[in-house]
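input.txt (compact mmCIF, C-alpha atoms and all ligand atoms) appears below.
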# COMPACT_ATOMS: atom_id res chain seq x y z
CA MET L 1 161.03 -51.23 96.11
CA LEU L 2 163.84 -52.76 98.23
CA THR L 3 162.98 -56.45 98.11
CA GLY L 4 166.04 -58.65 98.47
CA LYS L 5 168.31 -55.81 99.61
CA ILE L 6 170.46 -56.00 102.75
CA ALA L 7 170.53 -52.71 104.66
CA LEU L 8 172.46 -51.47 107.68
CA VAL L 9 171.08 -48.52 109.63
CA THR L 10 173.43 -47.19 112.30
CA GLY L 11 171.87 -45.81 115.46
CA ALA L 12 168.51 -47.47 114.83
CA SER L 13 167.51 -48.06 118.45
CA ARG L 14 165.29 -44.96 118.39
CA GLY L 15 164.40 -41.73 116.57
CA ILE L 16 165.14 -41.22 112.89
CA GLY L 17 167.24 -44.41 112.73
CA ARG L 18 164.40 -46.56 114.08
CA GLN L 19 161.87 -45.06 111.68
CA THR L 20 164.31 -45.49 108.79
CA ALA L 21 164.86 -49.16 109.67
CA ILE L 22 161.09 -49.72 109.81
CA THR L 23 160.59 -47.92 106.50
CA LEU L 24 163.34 -49.82 104.66
CA ALA L 25 161.91 -53.09 106.00
CA ARG L 26 158.41 -52.07 104.90
CA TYR L 27 159.79 -51.63 101.37
CA GLY L 28 161.22 -55.16 101.54
CA ALA L 29 164.82 -54.84 102.78
CA THR L 30 166.37 -57.07 105.42
CA VAL L 31 167.62 -54.59 108.00
CA VAL L 32 170.56 -54.76 110.39
CA ILE L 33 169.73 -52.49 113.31
CA ASN L 34 172.91 -51.06 114.76
CA TYR L 35 173.02 -49.55 118.25
CA ASN L 36 175.70 -48.62 120.74
CA GLY L 37 174.33 -48.94 124.28
CA ALA L 38 170.57 -49.36 123.93
CA LYS L 39 170.27 -53.09 123.19
CA GLU L 40 166.69 -53.41 124.45
CA ARG L 41 165.49 -50.50 122.40
CA ALA L 42 167.21 -51.88 119.31
CA GLU L 43 165.38 -55.16 119.96
CA GLU L 44 162.13 -53.16 120.16
CA THR L 45 162.86 -51.79 116.68
CA ALA L 46 163.48 -55.33 115.42
CA ALA L 47 160.25 -56.55 117.05
CA LEU L 48 158.24 -53.75 115.39
CA ILE L 49 159.64 -54.85 112.02
CA GLN L 50 159.03 -58.54 112.67
CA GLU L 51 155.44 -57.82 113.79
CA MET L 52 154.71 -56.33 110.38
CA GLY L 53 156.24 -59.37 108.65
CA GLY L 54 159.65 -57.84 107.91
CA ARG L 55 163.18 -59.11 108.53
CA ALA L 56 165.55 -57.49 111.03
CA VAL L 57 168.51 -58.38 113.22
CA CYS L 58 170.37 -56.28 115.81
CA TYR L 59 174.10 -55.59 115.98
CA GLY L 60 175.72 -53.64 118.82
CA CYS L 61 178.78 -51.64 117.78
CA ASN L 62 180.24 -48.23 118.55
CA VAL L 63 180.64 -46.58 115.15
CA ALA L 64 183.48 -44.44 116.55
CA ASP L 65 185.57 -47.62 116.88
CA TYR L 66 187.38 -48.28 113.58
CA LYS L 67 188.16 -51.96 114.29
CA ALA L 68 184.72 -52.76 115.69
CA VAL L 69 183.08 -51.34 112.57
CA GLU L 70 185.40 -53.43 110.38
CA THR L 71 184.29 -56.56 112.27
CA MET L 72 180.61 -55.57 112.04
CA MET L 73 180.81 -55.17 108.25
CA LYS L 74 182.60 -58.50 107.81
CA GLU L 75 180.01 -60.30 109.95
CA ILE L 76 177.09 -58.73 108.08
CA VAL L 77 178.52 -59.88 104.74
CA THR L 78 179.27 -63.35 106.13
CA GLN L 79 175.75 -63.69 107.54
CA HIS L 80 173.74 -62.10 104.72
CA GLY L 81 176.04 -62.48 101.70
CA ALA L 82 175.86 -58.79 100.73
CA LEU L 83 175.54 -55.24 101.95
CA ASP L 84 173.49 -53.12 99.56
CA ILE L 85 172.37 -50.14 101.64
CA LEU L 86 174.25 -48.24 104.34
CA VAL L 87 172.49 -45.49 106.28
CA ASN L 88 174.92 -43.54 108.45
CA ASN L 89 172.48 -42.23 111.02
CA ALA L 90 174.19 -42.68 114.41
CA GLY L 91 174.77 -39.29 115.97
CA VAL L 92 175.23 -37.43 119.25
CA THR L 93 175.18 -33.83 120.45
CA LYS L 94 177.17 -32.16 123.21
CA ASP L 95 176.09 -28.56 122.83
CA GLY L 96 177.84 -25.58 124.37
CA LEU L 97 179.15 -22.19 123.45
CA LEU L 98 182.49 -22.10 121.67
CA LEU L 99 184.25 -20.20 124.45
CA LYS L 100 183.30 -22.88 126.97
CA MET L 101 183.48 -26.03 124.90
CA SER L 102 185.85 -28.71 126.18
CA GLU L 103 188.17 -30.64 123.91
CA GLU L 104 186.44 -33.83 125.05
CA ASP L 105 182.98 -32.62 124.00
CA TYR L 106 184.34 -31.55 120.64
CA ASP L 107 186.12 -34.85 120.06
CA THR L 108 183.21 -37.06 121.16
CA VAL L 109 180.80 -35.49 118.69
CA VAL L 110 183.27 -35.51 115.80
CA ASP L 111 184.36 -39.09 116.59
CA VAL L 112 180.82 -40.51 116.52
CA ASN L 113 179.21 -38.37 113.83
CA LEU L 114 182.03 -37.77 111.36
CA LYS L 115 184.60 -40.48 111.97
CA GLY L 116 181.79 -42.99 112.51
CA THR L 117 180.48 -42.15 109.05
CA PHE L 118 183.98 -42.54 107.60
CA HIS L 119 184.48 -45.89 109.38
CA CYS L 120 181.22 -47.31 108.05
CA ILE L 121 181.86 -46.19 104.47
CA ARG L 122 185.51 -47.29 104.63
CA HIS L 123 184.59 -50.80 105.73
CA SER L 124 181.54 -51.35 103.52
CA ALA L 125 182.81 -49.81 100.27
CA ARG L 126 185.00 -52.79 99.30
CA GLN L 127 181.99 -55.12 99.43
CA MET L 128 179.86 -52.64 97.47
CA VAL L 129 182.61 -52.25 94.86
CA LYS L 130 182.77 -56.05 94.58
CA GLN L 131 178.97 -56.13 94.09
CA ARG L 132 179.13 -53.21 91.67
CA TYR L 133 176.16 -51.93 93.64
CA GLY L 134 175.61 -49.79 96.70
CA ARG L 135 173.47 -47.06 98.20
CA ILE L 136 174.97 -44.92 100.94
CA VAL L 137 172.86 -42.29 102.70
CA ASN L 138 174.48 -40.08 105.32
CA LEU L 139 172.60 -38.05 107.92
CA SER L 140 173.93 -34.52 107.87
CA SER L 141 171.90 -31.58 109.21
CA VAL L 142 170.83 -28.11 108.14
CA VAL L 143 173.19 -27.02 110.91
CA GLY L 144 176.07 -28.48 108.90
CA VAL L 145 175.11 -26.29 105.97
CA TYR L 146 174.09 -23.07 107.77
CA GLY L 147 175.76 -23.32 111.24
CA ASN L 148 174.19 -22.86 114.67
CA ALA L 149 175.30 -21.00 117.79
CA GLY L 150 176.17 -23.49 120.54
CA GLN L 151 176.98 -26.32 118.16
CA VAL L 152 180.45 -25.80 116.67
CA ASN L 153 181.29 -29.46 117.31
CA TYR L 154 178.03 -30.81 115.90
CA SER L 155 177.95 -28.44 112.91
CA ALA L 156 181.61 -29.25 112.11
CA SER L 157 180.77 -32.95 112.13
CA LYS L 158 177.70 -32.46 109.93
CA ALA L 159 179.55 -30.16 107.49
CA GLY L 160 182.29 -32.78 107.32
CA ILE L 161 179.66 -35.34 106.34
CA VAL L 162 178.80 -33.14 103.35
CA GLY L 163 182.46 -33.29 102.29
CA ILE L 164 182.66 -37.06 102.73
CA THR L 165 179.42 -37.47 100.76
CA LYS L 166 180.61 -35.49 97.75
CA SER L 167 184.12 -36.98 97.68
CA ALA L 168 182.94 -40.57 98.14
CA ALA L 169 180.29 -40.03 95.44
CA LYS L 170 183.07 -39.03 93.02
CA GLU L 171 185.22 -42.03 93.97
CA LEU L 172 182.50 -44.66 93.93
CA GLY L 173 180.12 -43.51 91.20
CA SER L 174 181.75 -45.54 88.44
CA ARG L 175 181.15 -48.71 90.49
CA GLY L 176 177.39 -48.34 90.67
CA ILE L 177 177.46 -46.86 94.17
CA THR L 178 175.59 -43.66 95.01
CA VAL L 179 176.41 -41.54 98.05
CA ASN L 180 173.97 -38.87 99.20
CA ALA L 181 173.26 -36.88 102.34
CA VAL L 182 170.01 -35.94 103.97
CA ALA L 183 170.02 -32.75 106.02
CA PRO L 184 167.08 -32.68 108.42
CA GLY L 185 165.92 -29.49 110.07
CA PHE L 186 164.18 -29.86 113.44
CA ILE L 187 162.78 -33.38 113.80
CA VAL L 188 160.93 -34.45 116.97
CA THR L 189 163.11 -37.15 118.61
CA GLU L 190 164.84 -37.65 121.96
CA MET L 191 167.76 -35.62 120.55
CA THR L 192 165.53 -32.54 120.34
CA ASP L 193 163.22 -33.33 123.30
CA ALA L 194 165.39 -31.47 125.79
CA MET L 195 164.76 -28.13 124.09
CA PRO L 196 162.46 -25.78 126.07
CA GLU L 197 158.94 -25.29 124.67
CA ASP L 198 159.41 -21.57 123.99
CA ALA L 199 162.56 -22.32 121.98
CA LYS L 200 160.63 -24.94 119.98
CA LYS L 201 157.97 -22.32 119.28
CA GLN L 202 160.60 -19.88 118.02
CA VAL L 203 161.96 -22.57 115.69
CA THR L 204 158.46 -23.44 114.45
CA ASP L 205 157.84 -19.78 113.58
CA ARG L 206 160.90 -19.93 111.24
CA ILE L 207 159.61 -23.02 109.42
CA ALA L 208 157.57 -22.38 106.25
CA MET L 209 155.38 -25.43 106.97
CA LYS L 210 154.75 -24.14 110.53
CA ARG L 211 155.36 -27.49 112.17
CA LEU L 212 158.30 -29.49 113.45
CA GLY L 213 159.44 -32.48 111.40
CA ARG L 214 158.48 -36.10 111.98
CA THR L 215 160.86 -39.04 111.71
CA GLU L 216 158.71 -40.32 108.82
CA ASP L 217 159.50 -37.14 106.86
CA VAL L 218 163.18 -38.10 106.88
CA ALA L 219 162.82 -41.89 106.60
CA GLU L 220 160.83 -41.75 103.35
CA LEU L 221 163.54 -39.67 101.66
CA VAL L 222 166.25 -42.05 102.90
CA ALA L 223 164.28 -44.99 101.48
CA PHE L 224 163.92 -43.22 98.13
CA LEU L 225 167.66 -42.49 97.96
CA ALA L 226 168.35 -46.12 98.92
CA SER L 227 166.20 -47.41 96.07
CA ASP L 228 166.73 -47.83 92.35
CA LEU L 229 164.35 -44.92 91.77
CA ALA L 230 167.31 -42.73 92.78
CA ALA L 231 169.92 -44.59 90.69
CA TYR L 232 171.13 -41.40 88.95
CA ILE L 233 171.27 -39.17 92.03
CA THR L 234 174.63 -38.96 93.79
CA GLY L 235 176.69 -36.48 95.78
CA GLN L 236 173.61 -34.50 96.76
CA VAL L 237 172.63 -32.92 100.06
CA ILE L 238 168.86 -32.71 100.41
CA CYS L 239 167.29 -30.67 103.21
CA VAL L 240 164.20 -32.08 104.91
CA ASP L 241 163.28 -29.09 106.99
CA GLY L 242 159.80 -27.90 106.04
CA GLY L 243 161.39 -24.83 104.50
CA MET L 244 163.30 -23.77 107.62
CA SER L 245 166.45 -22.93 105.68
CA ILE L 246 164.93 -20.99 102.76
P1 LIG R 1 168.58 -39.84 118.74
O1 LIG R 1 167.14 -39.99 118.96
O2 LIG R 1 169.43 -39.21 119.80
O3 LIG R 1 169.21 -41.29 118.40
C1 LIG R 1 170.57 -41.42 118.15
C2 LIG R 1 170.89 -42.84 117.77
O4 LIG R 1 172.30 -42.94 117.55
C3 LIG R 1 170.56 -43.86 118.85
O5 LIG R 1 170.01 -45.01 118.24
C4 LIG R 1 171.91 -44.19 119.46
O6 LIG R 1 171.98 -45.52 119.93
C5 LIG R 1 172.81 -44.04 118.26
N1 LIG R 1 174.21 -43.82 118.62
C6 LIG R 1 174.74 -42.81 119.35
N2 LIG R 1 176.07 -42.97 119.47
C7 LIG R 1 176.38 -44.10 118.78
C8 LIG R 1 177.59 -44.80 118.53
N3 LIG R 1 178.76 -44.34 119.02
N4 LIG R 1 177.57 -45.93 117.80
C9 LIG R 1 176.39 -46.40 117.32
N5 LIG R 1 175.20 -45.79 117.53
C10 LIG R 1 175.20 -44.66 118.26
O7 LIG R 1 168.89 -39.01 117.40
P2 LIG R 1 167.93 -38.59 116.17
O8 LIG R 1 167.31 -37.29 116.49
O9 LIG R 1 167.10 -39.73 115.76
O10 LIG R 1 169.04 -38.29 115.06
C11 LIG R 1 169.49 -39.28 114.13
C12 LIG R 1 170.48 -38.63 113.18
O11 LIG R 1 169.88 -37.52 112.51
C13 LIG R 1 171.72 -38.08 113.88
O12 LIG R 1 172.85 -38.25 113.07
C14 LIG R 1 171.41 -36.61 114.02
O13 LIG R 1 172.56 -35.83 114.12
C15 LIG R 1 170.64 -36.36 112.73
N6 LIG R 1 169.78 -35.18 112.81
C16 LIG R 1 168.75 -35.12 113.68
C17 LIG R 1 167.94 -33.98 113.73
C18 LIG R 1 166.78 -33.84 114.66
O14 LIG R 1 166.16 -32.77 114.67
N7 LIG R 1 166.43 -34.83 115.44
C19 LIG R 1 168.23 -32.91 112.88
C20 LIG R 1 169.29 -33.01 111.99
C21 LIG R 1 170.05 -34.15 111.95
P3 LIG R 1 172.32 -45.91 121.48
O15 LIG R 1 171.28 -45.29 122.31
O16 LIG R 1 172.32 -47.39 121.48
O17 LIG R 1 173.67 -45.31 121.75

Could you quickly redo this structure as structure tokens?
Amino acid sequence: MLTGKIALVTGASRGIGRQTAITLARYGATVVINYNGAKERAEETAALIQEMGGRAVCYGCNVADYKAVETMMKEIVTQHGALDILVNNAGVTKDGLLLKMSEEDYDTVVDVNLKGTFHCIRHSARQMVKQRYGRIVNLSSVVGVYGNAGQVNYSASKAGIVGITKSAAKELGSRGITVNAVAPGFIVTEMTDAMPEDAKKQVTDRIAMKRLGRTEDVAELVAFLASDLAAYITGQVICVDGGMSI
């Protein structure tokens, strides 16, 4: 499904990003595994892909850094000759109630999640326009669509990603580039591990499928949107939440 494609997955050292990198590689893509601090864990992702006969390389870069992202994109194109698929997955949380939230915690989350997404699209779009081909998939969240107490920074960043997705889809559609967003509900990763068990149970009770999500549930949708099977789908926000938001 993705044979011959060059894909970049940001924040692929663990969680949804790791599973997405593995899934894209399983469908035939060569995957660049981006990470910020966790080099060893990114290398673990690459090793998992190589063990199953796939192709992967690692690239450390803070997506919140405009210049560093520009350099990363240039080096990917120099090394691989193309960039076909961009998955903007890197994300952080710094939860807290609005009345107590510091400016720093607000800025950090928006800088990584929202500006990071902008930086990656900004610096890969020219290459995709030149190719007349591109697939961009952004990780939003149901929280960006519906809001969540204790997450004004995170939900602002994820709502902003919806806006970027729709606007970029309108700008880039005529060049053969699709831009979509995936909005996961509650997926079991290190990001959600810290939540107390009783809170997880309360969330599960609100989910129609009566279970928390798996990284595979998200990664398969990302792979579909990154493929030619989804060539006529753009500007969409698709929830992967087991029915949590209905
Ligand atoms: P996770 O387990 O915490 O992993 C986050 C990944 O992002 C790590 O690989 C981390 O790499 C990377 N990262 C963080 N800051 C970065 C930066 N500045 N530059 C580059 N990479 C950076 O998170 P997850 O649960 O898999 O979530 C992945 C995405 O899905 C996020 O955008 C998240 O908001 C979204 N999402 C998750 C859920 C959920 O329930 N888990 C729900 C909705 C949406 P390093 O360790 O190397 O920094």

Return as a Markdown table the residues of chain L lying at most 8 Å from ligand LIG 1 (chain R), together with the closest atom-to-atom pair for each and the distance in Å to one decimal, counting all atoms listed in the file, with rows in chain order and ascending residue number.
| residue | atom | partner | partner_atom | distance |
| --- | --- | --- | --- | --- |
| L:Thr10 | CA | R:LIG1 | N5 | 5.7 |
| L:Gly11 | CA | R:LIG1 | O5 | 3.4 |
| L:Ala12 | CA | R:LIG1 | O5 | 4.5 |
| L:Ser13 | CA | R:LIG1 | O5 | 3.9 |
| L:Arg14 | CA | R:LIG1 | O5 | 4.7 |
| L:Gly15 | CA | R:LIG1 | O9 | 3.5 |
| L:Ile16 | CA | R:LIG1 | O9 | 3.8 |
| L:Gly17 | CA | R:LIG1 | O9 | 5.6 |
| L:Arg18 | CA | R:LIG1 | O5 | 7.2 |
| L:Asn34 | CA | R:LIG1 | C9 | 6.4 |
| L:Tyr35 | CA | R:LIG1 | O16 | 3.9 |
| L:Asn36 | CA | R:LIG1 | O16 | 3.7 |
| L:Gly37 | CA | R:LIG1 | O16 | 3.8 |
| L:Ala38 | CA | R:LIG1 | O16 | 3.6 |
| L:Lys39 | CA | R:LIG1 | O16 | 6.3 |
| L:Arg41 | CA | R:LIG1 | O16 | 7.6 |
| L:Ala42 | CA | R:LIG1 | O16 | 7.1 |
| L:Gly60 | CA | R:LIG1 | C9 | 7.4 |
| L:Cys61 | CA | R:LIG1 | C9 | 5.8 |
| L:Asn62 | CA | R:LIG1 | N4 | 3.6 |
| L:Val63 | CA | R:LIG1 | N4 | 4.1 |
| L:Ala64 | CA | R:LIG1 | N3 | 5.3 |
| L:Asp65 | CA | R:LIG1 | N3 | 7.9 |
| L:Asn88 | CA | R:LIG1 | O12 | 7.3 |
| L:Asn89 | CA | R:LIG1 | O12 | 4.5 |
| L:Ala90 | CA | R:LIG1 | O4 | 3.7 |
| L:Gly91 | CA | R:LIG1 | O12 | 3.6 |
| L:Val92 | CA | R:LIG1 | C6 | 5.4 |
| L:Thr93 | CA | R:LIG1 | O13 | 7.1 |
| L:Val112 | CA | R:LIG1 | N3 | 5.0 |
| L:Asn113 | CA | R:LIG1 | O12 | 6.4 |
| L:Gly116 | CA | R:LIG1 | N3 | 7.3 |
| L:Leu139 | CA | R:LIG1 | O12 | 5.2 |
| L:Ser140 | CA | R:LIG1 | C21 | 5.6 |
| L:Ser141 | CA | R:LIG1 | C20 | 4.1 |
| L:Val142 | CA | R:LIG1 | C20 | 6.4 |
| L:Val143 | CA | R:LIG1 | C20 | 7.2 |
| L:Tyr154 | CA | R:LIG1 | O13 | 7.6 |
| L:Lys158 | CA | R:LIG1 | O13 | 7.4 |
| L:Ala183 | CA | R:LIG1 | C20 | 6.0 |
| L:Pro184 | CA | R:LIG1 | C20 | 4.2 |
| L:Gly185 | CA | R:LIG1 | C19 | 5.0 |
| L:Phe186 | CA | R:LIG1 | O14 | 3.7 |
| L:Ile187 | CA | R:LIG1 | O14 | 3.5 |
| L:Val188 | CA | R:LIG1 | N7 | 5.7 |
| L:Thr189 | CA | R:LIG1 | O8 | 4.7 |
| L:Glu190 | CA | R:LIG1 | O1 | 4.4 |
| L:Met191 | CA | R:LIG1 | O2 | 4.0 |
| L:Thr192 | CA | R:LIG1 | N7 | 5.5 |
| L:Gly213 | CA | R:LIG1 | O14 | 7.5 |
| L:Thr215 | CA | R:LIG1 | O9 | 7.5 |

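The shortest atom-to-atom distance to Gly176 of chain L, with all atoms listed in the file taken into account, belongs to L:Arg132 out of L:Lys67, L:Arg132, L:Lys210, L:Lys200.
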
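Counting only C-alpha atoms, the residue from L:Met1, L:Gln202, L:Ala156, L:Gly81 that sits nearest to Leu114 of chain L is L:Ala156.
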
Could you give me, as a list in words, the residues within 12 Å of Gln79 of chain L, counting only C-alpha atoms and dropping anything in the same chain fewer than 3 positions from it?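 The neighbour list is Ile6, Thr30, Val32, Val57, Tyr59, Met72, Met73, Lys74, Glu75, Ile76, Ala82 and Leu83 of chain L.
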
All file atoms of segment 24-29 of chain L boxed axis-aligned, 3 Å per side, centre plus edges, as lines of an AutoDock Vina configuration file:
center_x = 161.6
center_y = -52.5
center_z = 103.7
size_x = 12.4
size_y = 11.3
size_z = 10.6

Please provide the set of residues having any atom within 9 Å of Arg175 of chain L, restricted to all atoms listed in the file, with same-chain residues fewer than 5 positions apart removed, written as number ranges by chain. L: 128-134

One number please: atom CA of Ala219 of chain L to atom CA of Leu86 of chain L, in Å, one decimal.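 A separation of 13.3 Å between them.
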
Considering all atoms listed in the file, can you say which of L:Tyr27, L:Arg55, L:Thr71, L:Ser157 comes closest to Asp107 of chain L? L:Ser157

Nearest residue to Ala125 of chain L out of L:Ile85, L:Ala46, L:Val218, L:Met244, using only C-alpha atoms?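 Looking only at the distances to Ala125 of chain L, the closest residue turns out to be L:Ile85.
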
Using only C-alpha atoms, which residue out of L:Gly173, L:Gly242, L:Gly4, L:Gly144 lies closest to Ile161 of chain L? L:Gly144

By how many Å are atom CA of Leu221 of chain L and atom CA of His119 of chain L apart?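 About the pair atom CA of Leu221 of chain L and atom CA of His119 of chain L: they are 23.2 Å apart.
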
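Across L:Glu51, L:Ala231, L:Ala226, L:Arg206, the tightest approach to Ile246 of chain L is made by L:Arg206 when counting all atoms listed in the file.
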
Kindly give the distance, in Å, that separates atom CA of Ala194 of chain L and atom CA of Leu24 of chain L, rounded to a single decimal.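 It comes out at 28.1 Å.
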
If you count all atoms listed in the file, which residues fall within 10 Å of Ile233 of chain L, apart from same-chain ones fewer than 3 positions away, as JSON, numbers by chain? {"L": [169, 173, 178, 179, 180, 225, 228, 229, 230, 236]}

How about saving the chosen residues, C-alpha atoms kept, as a CSV table (one decimal), in the frame of the given file?
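Output saved as selection-v9.csv:
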chain,number,residue,atom,x,y,z
L,169,ALA,CA,180.3,-40.0,95.4
L,173,GLY,CA,180.1,-43.5,91.2
L,178,THR,CA,175.6,-43.7,95.0
L,179,VAL,CA,176.4,-41.5,98.0
L,180,ASN,CA,174.0,-38.9,99.2
L,225,LEU,CA,167.7,-42.5,98.0
L,228,ASP,CA,166.7,-47.8,92.4
L,229,LEU,CA,164.4,-44.9,91.8
L,230,ALA,CA,167.3,-42.7,92.8
L,236,GLN,CA,173.6,-34.5,96.8

I want to know what sits within 6 Å of Ala181 of chain L, based on all atoms listed in the file, with residues of the same chain fewer than 6 positions away left out; could you give that as a ChimeraX atom specification? /L:137-139,237
